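> Quick one: the structure is below, and I'll ask about it shortly.
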Amino acid sequence: MKLNTMSRRDFVQLCGLGAAGIALSGSLAACGSSGTTSSATSSSGYTLVKSGKLTMISNFYFPPFVSMNEKTGDFEGFDVDVYKAICKKLKLKPRILPSVQFDTIVPTIKQGGKADVSIGAITITDDRKKEIDFTKPYLDSNQSIVVKKGSTATTQEQLNAKGMQIAVQSGTTGESWAQENLPKATVVPLDDIIQAMTGVQTGLYNACVADLPVTSYEIKQAYGDLQIPEGGEIPTGEQYGIVVSKKNPGLTKAINKALKELKSDGTMDALEQKWFGTTI
């Protein structure tokens with residue numbers, strides 16, 4: 001998830017995450033009332049929206065990083081577990097706001113007053129760093145091409161042709177890569193990766209381009225008729241970081257310290273094994 005706009009909606013139901021779809025706000029209004037309190041200064045040298053709590057926002061339509069459990073309605077995923085582990089290290093209580101559209105996250109953190117951090121497979125970029133701070137990277141990632149099994153067009157060269165429909169998530173690295181590397185095809189920006197993969201599954205699109213950890217996970221979970229073809233991994237060399245306001249450097253420092261401890265004590269490796277089946 002590299003650029004500045006992302007969201008995911010109802011197609012989550014089609015991959016066994018149905019209840020996740022009901023939380024999408026579509027705007028900042030959905031979480032505004034829960035984050036309007038004035039900031040409280042921590043004794044640890046940073047400010048918090050709510051005293052004693054680390055308030056987090058994300059777009060919860062990007063499994064296995066951030067999603068909702070359809071049975072319990074609880075937020076879950078690799079990044080949710082990382083966030084909760086950080087809260088424990090900082091001796092703060094978790095406070096997760098309702099799902100927001102991805103393009104609202106950077107402005108919300110920059111403005112302050114609603115959320116302290118955002119985590120959810122957010123790629124560190126120079127453009128974003130002009131607006132907000134990132135913690136040190138906590139996970140590496142690449143992009144991927146996904147096609148239907150049996151498709152005759154699977155390579156970049158074959159997909160870069162007039163009439164080819166390439167689904168991407170709006171504002172992402174996948175969209176940027178497709179626009180640059182598949183200029184002859186029609187790049188179709190959509191609200192979420194589930195919608196994109198479902199479109200490929202139904203034949204509406206010839207392929208989609210999205211984060212490799214997510215597409216790999218979804219293919220195993222719910223899209224057995226899709227595949228990442230040979231050569232379909234795109235080595236973009238991305239790194240995910242946690243978003244923090246530039247006005248709150250003490251919090252960035254504290255989270256970096258927590259991340260270092262989580263790596264050294266084996267927590268990060270254990271969470272990667274839990275959600276990805278391997279360390280990344």
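Identifiers in this document derive from the order of the structure tokens: chains are assigned A, B, ..., residues are numbered from 1 separately in each chain, and ligands are numbered from 1 in order of occurrence.
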Please identify the alpha helix (DSSP H) residues within region 167-228 of chain A (assignment by DSSP from backbone atoms) and present them as a PyMOL selection string.
chain A and resi 173-181+193-202+212-221
> Quick one: contact table of region 70-118 of chain A to region 44-54 of chain A, 6 Å max, nearest atom pair and distance in Å to one decimal per residue, counting only C-alpha atoms, chain and number order, as CSV?

residue,atom,partner,partner_atom,distance
A:Leu92,CA,A:Lys53,CA,5.0
A:Lys93,CA,A:Lys53,CA,4.5
A:Pro94,CA,A:Leu54,CA,5.5
A:Arg95,CA,A:Leu54,CA,5.8
A:Gly113,CA,A:Val49,CA,5.8
> Under the rule of at most 10 Å, produce a per-residue listing of region 202-278 of chain A near region 61-76 of chain A: chain, number, name, the closest pair of atoms, and the distance in Å, as a tab-separated table, using only C-alpha atoms.

residue	atom	partner	partner_atom	distance
A:Asp211	CA	A:Phe62	CA	9.6
A:Pro213	CA	A:Pro64	CA	8.0
A:Val214	CA	A:Pro63	CA	6.3
A:Thr215	CA	A:Pro63	CA	9.1
A:Ser216	CA	A:Pro64	CA	9.8
A:Tyr217	CA	A:Pro64	CA	6.8
A:Glu218	CA	A:Pro63	CA	7.7
A:Trp275	CA	A:Pro64	CA	6.6
A:Phe276	CA	A:Pro64	CA	8.0
> Suppose we keep N, CA and C atoms; can you now write the selection as a PDB file, in the first residue's frame?

ATOM      1  N   ASP A 211      -0.221  -5.845  -3.465  1.00  0.00           N
ATOM      2  CA  ASP A 211       0.824  -6.272  -2.538  1.00  0.00           C
ATOM      3  C   ASP A 211       0.931  -7.793  -2.493  1.00  0.00           C
ATOM      4  N   PRO A 213       2.196  -9.975  -0.209  1.00  0.00           N
ATOM      5  CA  PRO A 213       1.735 -10.731   0.972  1.00  0.00           C
ATOM      6  C   PRO A 213       0.219 -10.883   1.024  1.00  0.00           C
ATOM      7  N   VAL A 214      -0.489  -9.871   0.520  1.00  0.00           N
ATOM      8  CA  VAL A 214      -1.951  -9.916   0.564  1.00  0.00           C
ATOM      9  C   VAL A 214      -2.503 -10.852  -0.501  1.00  0.00           C
ATOM     10  N   THR A 215      -2.008 -10.751  -1.720  1.00  0.00           N
ATOM     11  CA  THR A 215      -2.507 -11.623  -2.779  1.00  0.00           C
ATOM     12  C   THR A 215      -2.181 -13.086  -2.485  1.00  0.00           C
ATOM     13  N   SER A 216      -0.990 -13.336  -1.962  1.00  0.00           N
ATOM     14  CA  SER A 216      -0.623 -14.711  -1.610  1.00  0.00           C
ATOM     15  C   SER A 216      -1.566 -15.266  -0.556  1.00  0.00           C
ATOM     16  N   TYR A 217      -1.874 -14.461   0.442  1.00  0.00           N
ATOM     17  CA  TYR A 217      -2.778 -14.869   1.523  1.00  0.00           C
ATOM     18  C   TYR A 217      -4.179 -15.130   0.980  1.00  0.00           C
ATOM     19  N   GLU A 218      -4.693 -14.219   0.175  1.00  0.00           N
ATOM     20  CA  GLU A 218      -6.057 -14.354  -0.326  1.00  0.00           C
ATOM     21  C   GLU A 218      -6.208 -15.540  -1.274  1.00  0.00           C
ATOM     22  N   TRP A 275       0.796 -15.323  10.996  1.00  0.00           N
ATOM     23  CA  TRP A 275      -0.048 -14.780   9.925  1.00  0.00           C
ATOM     24  C   TRP A 275       0.411 -15.150   8.515  1.00  0.00           C
ATOM     25  N   PHE A 276       1.720 -15.407   8.336  1.00  0.00           N
ATOM     26  CA  PHE A 276       2.229 -15.689   6.990  1.00  0.00           C
ATOM     27  C   PHE A 276       2.761 -17.100   6.845  1.00  0.00           C
TER      28      PHE A 276
END
